[in-house]
Amino acid sequence: MRKPLAAPALSFAGGIAVSRLAPFQPAEAAVCAAAFTALAALSHRRGSARLVQLCACLACAAVGVWNAAARGGDPPAPAQPPDGLLAGCVVESPVVRNGRLQFTLELDTGGRARVSIAAARGGALPPPVPYGTRVAVDARLRPVRGFRNPGAFDFEQYQARRGIFWNAVGARGAAPRVLAGACGAVWRRPLERWRASALERIDRLYPGDGYHSAMLRGLLLGDKSGIRQSWTDAYRRTGTYHALVISGSHVTLVCGLFLVWRRRWGFGERTLLVLAGATAWFYAVLAGADPPVLRAAAGFALYVAACLLYRRTAVLNVLAAVAIAFLAADPRQLFDASFQLSFLAVAALGAITPDPDHWRAPEPRLMALKLELRLMADTLWAALGVPESWLLRIRSAAAPPLRHAWPLFRLSAGVQAGLALPMVLLFHRVSFTGLAANLVVAPLISFAIPFGFAAVFTGWPPAARAAAWLLDLAAAAAAWHVRYEPAWRIPDPPLWLCLLIPCAFLGWAAARRFVPRLAWAAACAALLAALVLSPFQPRTAHASLELAALDVGQGESLALTLPDGSLAVMDGGGLPQYGRRNTSGFDVGEEVVSPYLWARGARRLDVVAVTHLHDDHAGGIAALLDNFHPRELWSGFAPDYPVWHRLEEKARALGIRIRILKQGDRFDFGGAAWQVLAPAREQPWTGRPRNGDSLVLRARYGRHAFLLTGDIERREEARILEEGLAAGAQVLKVAHHGSRLSSLPPLLDRVRPAVAIISAGAGNVYGLPNAQVLSELRARHALVLRTDLDGLVSVRSDGRYLTVEPSRLAAPQWLEWDLF
């Protein structure tokens, strides 16, 4: 069957991508679209079919450019209202996440805020407020801010697309005050009440069972607020996480219930299709109206419309029509990860799935399979002396699964191959066990869904137990496959490889003859092998010492590129916990530091150094050890402390050499000369981490020195001055995030930095960096770079010149400094 909409859809999407790279005015794009349309009409008159197709595709691309240009970018943020009493409408049902009541409030003054209210000390959370309720909340507003590093997820843009511009923190334990009147969509209020009721039923079905309750809430109704990341890690690593996300498979299962009703009650086909389409949309809204399920409902609605009009449908045609419709409504969806994965997965299925008329295997292949099974039975009967009747029964039972196993395996392999590139770009992993895991996990999850719905609608405990049992089987299958999944993480591939892989797949899909198709398949395999093996060098400056301070919030992580190409990371960032357990599950090393290193093309590190064991410095170290297998782990202490025990155990398991550095150590590494200034050799471990335990290093390359101070405070700074260790350094990493407890004026006078880098979180509650410290640095004419204002900042030395590259500067500034 022909797929006439595939090329226009690709062209339309390509035009949107071009508009992101090279902005156009709407009028320019409209003129181009009209010109290509006229050329297509003229070519049609002359009978040039290929030229008609080319001009039509270019016209569709121009329309895509026009659509993106006409709709503009993200909406500007409205003026931020003052802190205090915020009035507005609850536009998303509340959830409880990490011990906080959270909901989205559409403010009367414009814009939305994500409100978070913690429980009162020793008390309970405030009662939830349903959708469509007008409330007033006493809260502090802070602008939404993500981590501004290359390779980082653009959280600010993601929230802006949802209309959310601020985070609002309410008073602890204070319940929102309900105001008079209703708000929100009238049709959505009863749906949200039904959804809340269904969620409560799930909780009653699993009293005291947080795991099954949270997983069923997410699996059936899209509420992921209670799901811990550790519960889904095995699914992510084996490429089966898609089975847990409400999408096309859920819509298919829900609508499939109508097939049962038709057999039982005798509904007509057209009535069945209309009811199924309405149910798809009802379920999409009930499940939270997330984009993946809305796209699935739209695709099913298009299929229903085609069937009602007695038109045949092809998977790629339906996919292309839905893509064009959604991109026309919002061109920015093209750059959304869920949009890319959804459409690429279905496109891979459509490209390798035969037409319905050819779904069954040809008769000769069936006969060959039966003959091979009969020969196998005869051989076993003769060799083992087993009764032939037993073997014939085994053969009859094994034939149907074997007949369907190959098509399922081929579909799984096609989806895995089609999603390899986006999986690397988005998640930096490719699942090797996914081919087998999907054949087991996806059916188990699919069977759990109807049992879960039956339990919710009827309250029947056996159905709830069956759903929980199937979930446990799926989790066990995913965990078993994880044991054989290589712990490979893949850095960003070069641009030329990103362009060649989709071109090779398009060539394979378009080829019709065996030999060209085989050649394209070989090209796809070779390119995928290059993608996975990643034999490319990291993208670093040649013969330069570069220090990059990453934006990790209120923490610290420094990435160093050394003159010989070696890579080092000093501290891994983390969330300050002060002895409390990290309930959010957010790992700064995994989610922030590692993506930056992968964006630079790094697959392995040479050194990971931990200055001290506070959470905001050492919290992400374990993830860096797992992801990059460094050759050495540096530290100033090897204490009897749980955090260090975990790092030491992981390092030894990975074959990483542990190196304890003390004051007075000098060595050459990576083409730079290193000197250790702290901790002192006689300094004891006090039983718990302190800022004064920090490892302080001085790296020298050519005319320039970099002083990396960790979180040392004035006492340690005074000792370094007294012992004459404080030599001049052109680049200073300011100690302790710019705290007033550090950065003694005599030390600054001795170091005389040209560039001072401060790692601090935007709007942090500690008031860092301190105003007096900033004043002292500026009084000494230092260029101050701050991660809370500039995002990632980078200073690079080629031994003679310093290049400073903060994101707030329009272009790099080249500074030449004399050696002090």
# chains A, B, ... in the order shown; residues from 1 in each chain; ligands from 1

$ select_by_dssp --residues "stretch 677-768 of chain A" --states "strand (DSSP E)" --output "list in words"
Leu677, Ala678, Val696, Leu697, Arg698, Ala699, Arg700, Tyr701, His704, Ala705, Phe706, Leu707, Leu708, Val731, Leu732, Lys733, Val755, Ala756, Ile757 and Ile758 of chain A

$ closest_residue --among "A:Ile227, A:Ala756, A:Ala185, A:Ile16" --to "A:Cys89" --atoms "only C-alpha atoms"
A:Ala185

$ closest_residue --among "A:Leu533, A:Ala436, A:Ala521, A:Ala510" --to "A:Val482" --atoms "only C-alpha atoms"
A:Ala436

$ residues_around --residues "stretch 699-707 of chain A" --least-positions-apart "2" --cutoff "8 Å" --atoms "only C-alpha atoms" --output "ChimeraX atom specification"
/A:545,671-675,696-697,709,728-733,797-800,818-819

$ write_last_selection --atoms "all heavy atoms" --output "compact mmCIF listing (two decimals), in the first residue's frame"
# COMPACT_ATOMS: atom_id res chain seq x y z
N LEU A 545 44.42 23.97 29.05
CA LEU A 545 43.87 23.63 30.36
C LEU A 545 42.57 24.41 30.51
O LEU A 545 42.57 25.64 30.53
CB LEU A 545 44.86 24.01 31.46
CG LEU A 545 44.36 23.86 32.91
CD1 LEU A 545 43.95 22.43 33.21
CD2 LEU A 545 45.43 24.34 33.89
N GLY A 671 49.69 16.83 31.62
CA GLY A 671 50.38 17.94 31.00
C GLY A 671 50.42 19.19 31.85
O GLY A 671 50.90 20.24 31.41
N ALA A 672 49.91 19.13 33.10
CA ALA A 672 49.94 20.26 34.02
C ALA A 672 50.68 19.84 35.29
O ALA A 672 50.76 18.66 35.62
CB ALA A 672 48.52 20.71 34.37
N ALA A 673 51.21 20.83 35.99
CA ALA A 673 51.91 20.59 37.26
C ALA A 673 50.94 20.84 38.40
O ALA A 673 50.29 21.90 38.47
CB ALA A 673 53.12 21.51 37.39
N TRP A 674 50.84 19.88 39.33
CA TRP A 674 49.85 19.94 40.41
C TRP A 674 50.56 20.05 41.76
O TRP A 674 51.60 19.46 42.00
CB TRP A 674 48.98 18.68 40.42
CG TRP A 674 48.14 18.55 39.18
CD1 TRP A 674 48.54 18.10 37.96
CD2 TRP A 674 46.77 18.89 39.05
NE1 TRP A 674 47.51 18.13 37.06
CE2 TRP A 674 46.39 18.60 37.72
CE3 TRP A 674 45.80 19.38 39.92
CZ2 TRP A 674 45.10 18.81 37.25
CZ3 TRP A 674 44.51 19.59 39.46
CH2 TRP A 674 44.17 19.31 38.13
N GLN A 675 49.94 20.84 42.65
CA GLN A 675 50.42 21.00 44.01
C GLN A 675 49.23 20.90 44.96
O GLN A 675 48.17 21.49 44.70
CB GLN A 675 51.11 22.35 44.19
CG GLN A 675 51.63 22.60 45.61
CD GLN A 675 52.20 24.00 45.76
OE1 GLN A 675 52.13 24.82 44.84
NE2 GLN A 675 52.77 24.28 46.92
N VAL A 696 42.42 20.92 48.49
CA VAL A 696 42.74 22.16 47.76
C VAL A 696 43.90 21.87 46.82
O VAL A 696 44.96 21.39 47.25
CB VAL A 696 43.10 23.29 48.74
CG1 VAL A 696 43.44 24.57 47.96
CG2 VAL A 696 41.95 23.55 49.71
N LEU A 697 43.69 22.17 45.53
CA LEU A 697 44.69 21.87 44.50
C LEU A 697 45.04 23.14 43.74
O LEU A 697 44.19 24.03 43.55
CB LEU A 697 44.15 20.82 43.52
CG LEU A 697 43.79 19.45 44.09
CD1 LEU A 697 43.15 18.59 43.02
CD2 LEU A 697 45.02 18.77 44.65
N THR A 709 39.67 25.55 45.47
CA THR A 709 39.71 25.66 46.93
C THR A 709 38.65 24.84 47.66
O THR A 709 38.64 24.86 48.90
CB THR A 709 39.52 27.13 47.33
OG1 THR A 709 38.30 27.61 46.75
CG2 THR A 709 40.68 27.97 46.85
N GLY A 728 50.50 33.18 43.59
CA GLY A 728 49.59 33.83 42.67
C GLY A 728 48.88 32.83 41.77
O GLY A 728 49.44 31.81 41.38
N ALA A 729 47.64 33.14 41.44
CA ALA A 729 46.86 32.29 40.53
C ALA A 729 45.94 33.19 39.71
O ALA A 729 45.23 34.04 40.26
CB ALA A 729 46.04 31.27 41.31
N GLN A 730 46.01 33.02 38.41
CA GLN A 730 45.18 33.85 37.54
C GLN A 730 43.70 33.49 37.62
O GLN A 730 42.84 34.32 37.37
CB GLN A 730 45.66 33.73 36.09
CG GLN A 730 46.96 34.43 35.79
CD GLN A 730 48.14 33.74 36.44
OE1 GLN A 730 48.16 32.52 36.61
NE2 GLN A 730 49.13 34.54 36.84
N VAL A 731 43.40 32.22 37.95
CA VAL A 731 42.01 31.76 38.03
C VAL A 731 41.79 31.20 39.43
O VAL A 731 42.50 30.30 39.87
CB VAL A 731 41.70 30.68 36.97
CG1 VAL A 731 40.25 30.22 37.09
CG2 VAL A 731 41.98 31.22 35.57
N LEU A 732 40.80 31.75 40.13
CA LEU A 732 40.47 31.32 41.47
C LEU A 732 39.05 30.78 41.49
O LEU A 732 38.10 31.48 41.09
CB LEU A 732 40.60 32.49 42.46
CG LEU A 732 40.03 32.24 43.87
CD1 LEU A 732 40.86 31.19 44.60
CD2 LEU A 732 39.97 33.55 44.66
N LYS A 733 38.91 29.55 41.96
CA LYS A 733 37.57 29.04 42.27
C LYS A 733 37.29 29.47 43.71
O LYS A 733 37.89 28.96 44.65
CB LYS A 733 37.53 27.51 42.11
CG LYS A 733 36.12 26.93 41.94
CD LYS A 733 35.28 26.99 43.19
CE LYS A 733 35.91 26.17 44.31
NZ LYS A 733 35.08 26.25 45.56
N SER A 797 43.03 28.09 29.23
CA SER A 797 44.37 28.64 29.04
C SER A 797 45.13 27.78 28.05
O SER A 797 45.15 26.54 28.17
CB SER A 797 45.12 28.68 30.37
OG SER A 797 46.50 28.94 30.16
N ASP A 798 45.76 28.43 27.08
CA ASP A 798 46.65 27.69 26.17
C ASP A 798 48.10 27.82 26.62
O ASP A 798 49.03 27.50 25.87
CB ASP A 798 46.48 28.19 24.74
CG ASP A 798 46.86 29.66 24.58
OD1 ASP A 798 47.26 30.29 25.58
OD2 ASP A 798 46.76 30.18 23.44
N GLY A 799 48.29 28.28 27.85
CA GLY A 799 49.63 28.49 28.39
C GLY A 799 50.09 29.92 28.28
O GLY A 799 51.02 30.33 28.97
N ARG A 800 49.41 30.68 27.45
CA ARG A 800 49.80 32.09 27.25
C ARG A 800 48.61 33.03 27.41
O ARG A 800 48.72 34.09 28.00
CB ARG A 800 50.43 32.26 25.88
CG ARG A 800 50.91 33.68 25.63
CD ARG A 800 51.56 33.82 24.27
NE ARG A 800 52.00 35.19 24.02
CZ ARG A 800 52.52 35.62 22.87
NH1 ARG A 800 52.68 34.76 21.87
NH2 ARG A 800 52.89 36.88 22.74
N ASP A 818 49.89 38.96 32.47
CA ASP A 818 51.29 38.70 32.76
C ASP A 818 51.40 37.80 33.98
O ASP A 818 50.54 37.81 34.86
CB ASP A 818 52.03 40.02 33.04
CG ASP A 818 52.18 40.85 31.77
OD1 ASP A 818 52.25 40.25 30.67
OD2 ASP A 818 52.20 42.07 31.91
N LEU A 819 52.45 37.04 34.02
CA LEU A 819 52.70 36.15 35.15
C LEU A 819 53.07 37.00 36.36
O LEU A 819 53.94 37.86 36.30
CB LEU A 819 53.85 35.20 34.81
CG LEU A 819 54.17 34.15 35.87
CD1 LEU A 819 53.00 33.23 36.08
CD2 LEU A 819 55.41 33.36 35.46

$ residues_around --residues "A:Pro679" --least-positions-apart "2" --cutoff "10 Å" --atoms "only C-alpha atoms" --output "list in words"
Thr611, Ser635, Gly636, Phe637, Leu661, Lys662, Gln663, Gly664, Val676, Leu677, Arg681, Glu682, Gln683, Pro684, Gly692, Asp693, Ser694, Leu695, Val696, Leu697, Ile712, Glu716 and Ile720 of chain A

$ write_last_selection --atoms "N, CA, C and O atoms" --output "PDB file, in the first residue's frame"
ATOM      1  N   THR A 611      36.348  16.687  46.957  1.00  0.00           N
ATOM      2  CA  THR A 611      37.038  17.580  47.886  1.00  0.00           C
ATOM      3  C   THR A 611      36.700  17.232  49.329  1.00  0.00           C
ATOM      4  O   THR A 611      37.582  17.180  50.191  1.00  0.00           O
ATOM      5  N   SER A 635      41.056  11.953  46.801  1.00  0.00           N
ATOM      6  CA  SER A 635      40.396  12.477  47.995  1.00  0.00           C
ATOM      7  C   SER A 635      41.462  12.911  48.986  1.00  0.00           C
ATOM      8  O   SER A 635      42.612  12.460  48.921  1.00  0.00           O
ATOM      9  N   GLY A 636      41.060  13.788  49.933  1.00  0.00           N
ATOM     10  CA  GLY A 636      41.979  14.206  50.990  1.00  0.00           C
ATOM     11  C   GLY A 636      41.933  13.306  52.197  1.00  0.00           C
ATOM     12  O   GLY A 636      42.843  13.342  53.026  1.00  0.00           O
ATOM     13  N   PHE A 637      40.877  12.503  52.329  1.00  0.00           N
ATOM     14  CA  PHE A 637      40.736  11.595  53.463  1.00  0.00           C
ATOM     15  C   PHE A 637      40.157  10.275  52.958  1.00  0.00           C
ATOM     16  O   PHE A 637      39.470  10.213  51.928  1.00  0.00           O
ATOM     17  N   LEU A 661      45.465  12.320  48.765  1.00  0.00           N
ATOM     18  CA  LEU A 661      46.406  13.428  48.597  1.00  0.00           C
ATOM     19  C   LEU A 661      46.453  14.271  49.862  1.00  0.00           C
ATOM     20  O   LEU A 661      45.423  14.513  50.499  1.00  0.00           O
ATOM     21  N   LYS A 662      47.663  14.735  50.201  1.00  0.00           N
ATOM     22  CA  LYS A 662      47.861  15.572  51.377  1.00  0.00           C
ATOM     23  C   LYS A 662      48.743  16.767  51.024  1.00  0.00           C
ATOM     24  O   LYS A 662      49.430  16.772  49.990  1.00  0.00           O
ATOM     25  N   GLN A 663      48.705  17.762  51.891  1.00  0.00           N
ATOM     26  CA  GLN A 663      49.513  18.973  51.693  1.00  0.00           C
ATOM     27  C   GLN A 663      50.980  18.612  51.473  1.00  0.00           C
ATOM     28  O   GLN A 663      51.543  17.769  52.152  1.00  0.00           O
ATOM     29  N   GLY A 664      51.555  19.248  50.461  1.00  0.00           N
ATOM     30  CA  GLY A 664      52.954  19.026  50.124  1.00  0.00           C
ATOM     31  C   GLY A 664      53.154  18.085  48.956  1.00  0.00           C
ATOM     32  O   GLY A 664      54.263  18.038  48.397  1.00  0.00           O
ATOM     33  N   VAL A 676      49.364  20.138  46.025  1.00  0.00           N
ATOM     34  CA  VAL A 676      48.292  19.970  47.010  1.00  0.00           C
ATOM     35  C   VAL A 676      48.550  20.928  48.173  1.00  0.00           C
ATOM     36  O   VAL A 676      49.618  20.883  48.799  1.00  0.00           O
ATOM     37  N   LEU A 677      47.580  21.803  48.465  1.00  0.00           N
ATOM     38  CA  LEU A 677      47.717  22.795  49.542  1.00  0.00           C
ATOM     39  C   LEU A 677      46.988  22.377  50.811  1.00  0.00           C
ATOM     40  O   LEU A 677      47.294  22.890  51.896  1.00  0.00           O
ATOM     41  N   ARG A 681      48.836  17.184  56.500  1.00  0.00           N
ATOM     42  CA  ARG A 681      49.088  15.772  56.799  1.00  0.00           C
ATOM     43  C   ARG A 681      48.701  15.413  58.232  1.00  0.00           C
ATOM     44  O   ARG A 681      48.272  14.296  58.510  1.00  0.00           O
ATOM     45  N   GLU A 682      48.879  16.359  59.158  1.00  0.00           N
ATOM     46  CA  GLU A 682      48.575  16.074  60.556  1.00  0.00           C
ATOM     47  C   GLU A 682      47.107  16.353  60.905  1.00  0.00           C
ATOM     48  O   GLU A 682      46.686  16.140  62.048  1.00  0.00           O
ATOM     49  N   GLN A 683      46.319  16.815  59.920  1.00  0.00           N
ATOM     50  CA  GLN A 683      44.922  17.154  60.202  1.00  0.00           C
ATOM     51  C   GLN A 683      44.113  15.886  60.450  1.00  0.00           C
ATOM     52  O   GLN A 683      44.066  14.998  59.608  1.00  0.00           O
ATOM     53  N   PRO A 684      43.434  15.768  61.610  1.00  0.00           N
ATOM     54  CA  PRO A 684      42.698  14.537  61.915  1.00  0.00           C
ATOM     55  C   PRO A 684      41.290  14.572  61.325  1.00  0.00           C
ATOM     56  O   PRO A 684      40.743  15.624  61.000  1.00  0.00           O
ATOM     57  N   GLY A 692      36.328  22.274  56.373  1.00  0.00           N
ATOM     58  CA  GLY A 692      37.776  22.348  56.522  1.00  0.00           C
ATOM     59  C   GLY A 692      38.505  21.106  56.048  1.00  0.00           C
ATOM     60  O   GLY A 692      39.743  21.115  55.964  1.00  0.00           O
ATOM     61  N   ASP A 693      37.775  20.022  55.730  1.00  0.00           N
ATOM     62  CA  ASP A 693      38.417  18.813  55.209  1.00  0.00           C
ATOM     63  C   ASP A 693      38.758  18.919  53.725  1.00  0.00           C
ATOM     64  O   ASP A 693      39.345  17.991  53.159  1.00  0.00           O
ATOM     65  N   SER A 694      38.384  20.014  53.096  1.00  0.00           N
ATOM     66  CA  SER A 694      38.428  20.100  51.634  1.00  0.00           C
ATOM     67  C   SER A 694      39.828  19.882  51.073  1.00  0.00           C
ATOM     68  O   SER A 694      40.837  20.353  51.628  1.00  0.00           O
ATOM     69  N   LEU A 695      39.849  19.193  49.948  1.00  0.00           N
ATOM     70  CA  LEU A 695      41.062  19.014  49.159  1.00  0.00           C
ATOM     71  C   LEU A 695      41.277  20.278  48.328  1.00  0.00           C
ATOM     72  O   LEU A 695      40.391  20.678  47.558  1.00  0.00           O
ATOM     73  N   VAL A 696      42.424  20.920  48.488  1.00  0.00           N
ATOM     74  CA  VAL A 696      42.740  22.156  47.763  1.00  0.00           C
ATOM     75  C   VAL A 696      43.901  21.873  46.818  1.00  0.00           C
ATOM     76  O   VAL A 696      44.959  21.394  47.246  1.00  0.00           O
ATOM     77  N   LEU A 697      43.688  22.168  45.527  1.00  0.00           N
ATOM     78  CA  LEU A 697      44.691  21.875  44.497  1.00  0.00           C
ATOM     79  C   LEU A 697      45.036  23.142  43.736  1.00  0.00           C
ATOM     80  O   LEU A 697      44.191  24.029  43.552  1.00  0.00           O
ATOM     81  N   ILE A 712      36.964  25.334  51.783  1.00  0.00           N
ATOM     82  CA  ILE A 712      37.754  25.720  52.952  1.00  0.00           C
ATOM     83  C   ILE A 712      37.254  27.044  53.518  1.00  0.00           C
ATOM     84  O   ILE A 712      36.694  27.884  52.803  1.00  0.00           O
ATOM     85  N   GLU A 716      41.501  27.504  57.529  1.00  0.00           N
ATOM     86  CA  GLU A 716      42.385  26.808  56.591  1.00  0.00           C
ATOM     87  C   GLU A 716      43.093  27.806  55.682  1.00  0.00           C
ATOM     88  O   GLU A 716      44.273  27.621  55.341  1.00  0.00           O
ATOM     89  N   ILE A 720      47.175  28.289  55.198  1.00  0.00           N
ATOM     90  CA  ILE A 720      47.847  28.288  53.897  1.00  0.00           C
ATOM     91  C   ILE A 720      48.700  29.543  53.742  1.00  0.00           C
ATOM     92  O   ILE A 720      49.838  29.497  53.236  1.00  0.00           O
TER      93      ILE A 720
END

$ closest_atom_pairs --of "stretch 435-502 of chain A" --to "stretch 209-218 of chain A" --cutoff "12 Å" --atoms "only C-alpha atoms" --output "CSV"
residue,atom,partner,partner_atom,distance
A:Ile445,CA,A:Leu216,CA,10.5
A:Ala448,CA,A:Leu216,CA,9.0
A:Ile449,CA,A:Leu216,CA,8.5
A:Pro450,CA,A:Leu216,CA,11.2
A:Phe451,CA,A:Leu216,CA,10.4
A:Gly452,CA,A:Leu216,CA,7.1
A:Phe453,CA,A:Leu216,CA,9.4
A:Ala455,CA,A:Leu216,CA,10.5
A:Val456,CA,A:Leu216,CA,9.9
A:Ala464,CA,A:His212,CA,9.5
A:Arg465,CA,A:His212,CA,9.7
A:Ala466,CA,A:His212,CA,11.3
A:Ala467,CA,A:Leu216,CA,8.3
A:Ala468,CA,A:His212,CA,6.2
A:Trp469,CA,A:His212,CA,9.5
A:Leu470,CA,A:His212,CA,10.6
A:Leu471,CA,A:His212,CA,7.9
A:Asp472,CA,A:His212,CA,8.8
A:Ala474,CA,A:Met215,CA,11.8
A:Ala475,CA,A:Met215,CA,10.9

$ write_last_selection --atoms "N, CA and C atoms" --output "compact mmCIF listing (two decimals), in the first residue's frame"
# COMPACT_ATOMS: atom_id res chain seq x y z
N ILE A 445 2.65 -6.47 31.24
CA ILE A 445 2.04 -5.18 31.59
C ILE A 445 0.69 -5.03 30.89
N ALA A 448 -1.81 -6.85 32.80
CA ALA A 448 -2.10 -6.22 34.09
C ALA A 448 -3.10 -5.09 33.96
N ILE A 449 -3.12 -4.41 32.83
CA ILE A 449 -4.00 -3.25 32.66
C ILE A 449 -5.47 -3.63 32.77
N PRO A 450 -6.00 -4.62 32.03
CA PRO A 450 -7.42 -4.94 32.19
C PRO A 450 -7.77 -5.44 33.59
N PHE A 451 -6.88 -6.21 34.21
CA PHE A 451 -7.15 -6.64 35.58
C PHE A 451 -7.20 -5.43 36.51
N GLY A 452 -6.32 -4.45 36.29
CA GLY A 452 -6.34 -3.25 37.12
C GLY A 452 -7.63 -2.47 36.96
N PHE A 453 -8.08 -2.31 35.72
CA PHE A 453 -9.34 -1.59 35.50
C PHE A 453 -10.51 -2.36 36.09
N ALA A 455 -10.42 -4.26 38.68
CA ALA A 455 -10.37 -4.06 40.13
C ALA A 455 -10.89 -2.68 40.52
N VAL A 456 -10.55 -1.65 39.74
CA VAL A 456 -11.01 -0.29 40.06
C VAL A 456 -12.52 -0.18 39.91
N ALA A 464 -7.49 -7.30 41.78
CA ALA A 464 -6.39 -6.47 42.25
C ALA A 464 -5.14 -7.31 42.50
N ARG A 465 -5.34 -8.50 43.09
CA ARG A 465 -4.19 -9.37 43.33
C ARG A 465 -3.58 -9.86 42.02
N ALA A 466 -4.43 -10.14 41.02
CA ALA A 466 -3.90 -10.57 39.71
C ALA A 466 -3.09 -9.46 39.06
N ALA A 467 -3.58 -8.21 39.13
CA ALA A 467 -2.82 -7.09 38.56
C ALA A 467 -1.49 -6.92 39.26
N ALA A 468 -1.49 -7.04 40.61
CA ALA A 468 -0.24 -6.90 41.35
C ALA A 468 0.72 -8.04 41.01
N TRP A 469 0.19 -9.24 40.88
CA TRP A 469 1.04 -10.39 40.55
C TRP A 469 1.68 -10.22 39.18
N LEU A 470 0.91 -9.73 38.20
CA LEU A 470 1.47 -9.51 36.86
C LEU A 470 2.53 -8.40 36.89
N LEU A 471 2.29 -7.36 37.69
CA LEU A 471 3.31 -6.31 37.82
C LEU A 471 4.58 -6.87 38.43
N ASP A 472 4.45 -7.73 39.43
CA ASP A 472 5.63 -8.34 40.04
C ASP A 472 6.39 -9.21 39.05
N ALA A 474 6.43 -8.78 35.78
CA ALA A 474 7.09 -7.87 34.84
C ALA A 474 8.35 -7.27 35.46
N ALA A 475 8.26 -6.86 36.74
CA ALA A 475 9.43 -6.30 37.41
C ALA A 475 10.54 -7.34 37.54

$ closest_residue --among "A:Gln53, A:Thr109, A:Ser93, A:Thr803" --to "A:Trp194" --atoms "only C-alpha atoms"
A:Ser93

$ residues_around --residues "A:Leu789" --least-positions-apart "5" --cutoff "12 Å" --atoms "only C-alpha atoms" --output "PyMOL selection string"
chain A and resi 145-148+550-551+553+757-764+768-769+784+806-809

$ select_by_dssp --residues "stretch 543-715 of chain A" --states "alpha helix (DSSP H)" --output "count of residues only"
33

$ atom_distance --atom1 "atom CA of A:Thr133" --atom2 "atom CA of A:Gly288"
17.3 Å

$ residues_around --residues "stretch 294-305 of chain A" --least-positions-apart "2" --cutoff "8 Å" --atoms "only C-alpha atoms" --output "list in words"
Ser247, Gly248, Val251, Leu273, Val274, Gly277, Ala280, Trp281, Ala284, Val285, Ala289, Asp290, Pro291, Pro292, Cys307, Leu308, Leu309, Thr313, Val318, Leu319, Val322 and Phe326 of chain A

$ write_last_selection --atoms "C-alpha atoms" --output "short mmCIF file (atom, residue, chain, number, x, y, z; two decimals), in the first residue's frame"
data_model
loop_
_atom_site.label_atom_id
_atom_site.label_comp_id
_atom_site.auth_asym_id
_atom_site.auth_seq_id
_atom_site.Cartn_x
_atom_site.Cartn_y
_atom_site.Cartn_z
CA SER A 247 0.17 5.75 25.36
CA GLY A 248 -1.13 3.92 22.32
CA VAL A 251 -5.75 3.19 24.29
CA LEU A 273 -16.23 2.24 16.11
CA VAL A 274 -17.98 5.42 17.28
CA GLY A 277 -13.37 6.47 19.44
CA ALA A 280 -10.37 6.70 23.54
CA TRP A 281 -10.81 10.44 24.03
CA ALA A 284 -7.12 10.24 27.29
CA VAL A 285 -8.60 13.11 29.29
CA ALA A 289 -4.42 14.46 29.03
CA ASP A 290 -0.68 13.91 28.63
CA PRO A 291 0.58 14.45 25.06
CA PRO A 292 1.40 10.76 24.32
CA CYS A 307 -13.32 3.18 8.55
CA LEU A 308 -16.63 5.03 8.71
CA LEU A 309 -15.91 6.43 5.25
CA THR A 313 -5.72 2.93 6.15
CA VAL A 318 -2.33 7.72 9.92
CA LEU A 319 0.93 8.56 11.65
CA VAL A 322 -1.57 12.97 13.15
CA PHE A 326 -0.16 18.26 16.04
#

$ residues_around --residues "A:Arg237" --least-positions-apart "3" --cutoff "8 Å" --atoms "only C-alpha atoms" --output "NGL selection string"
:A and (233-234 or 240 or 429 or 431 or 482 or 485)

$ closest_residue --among "A:Phe505, A:Leu497, A:Ser197, A:Gly670" --to "A:Leu562" --atoms "only C-alpha atoms"
A:Gly670

$ closest_residue --among "A:Gly110, A:Gly170, A:Gly14, A:Gly122" --to "A:Leu141" --atoms "only C-alpha atoms"
A:Gly170
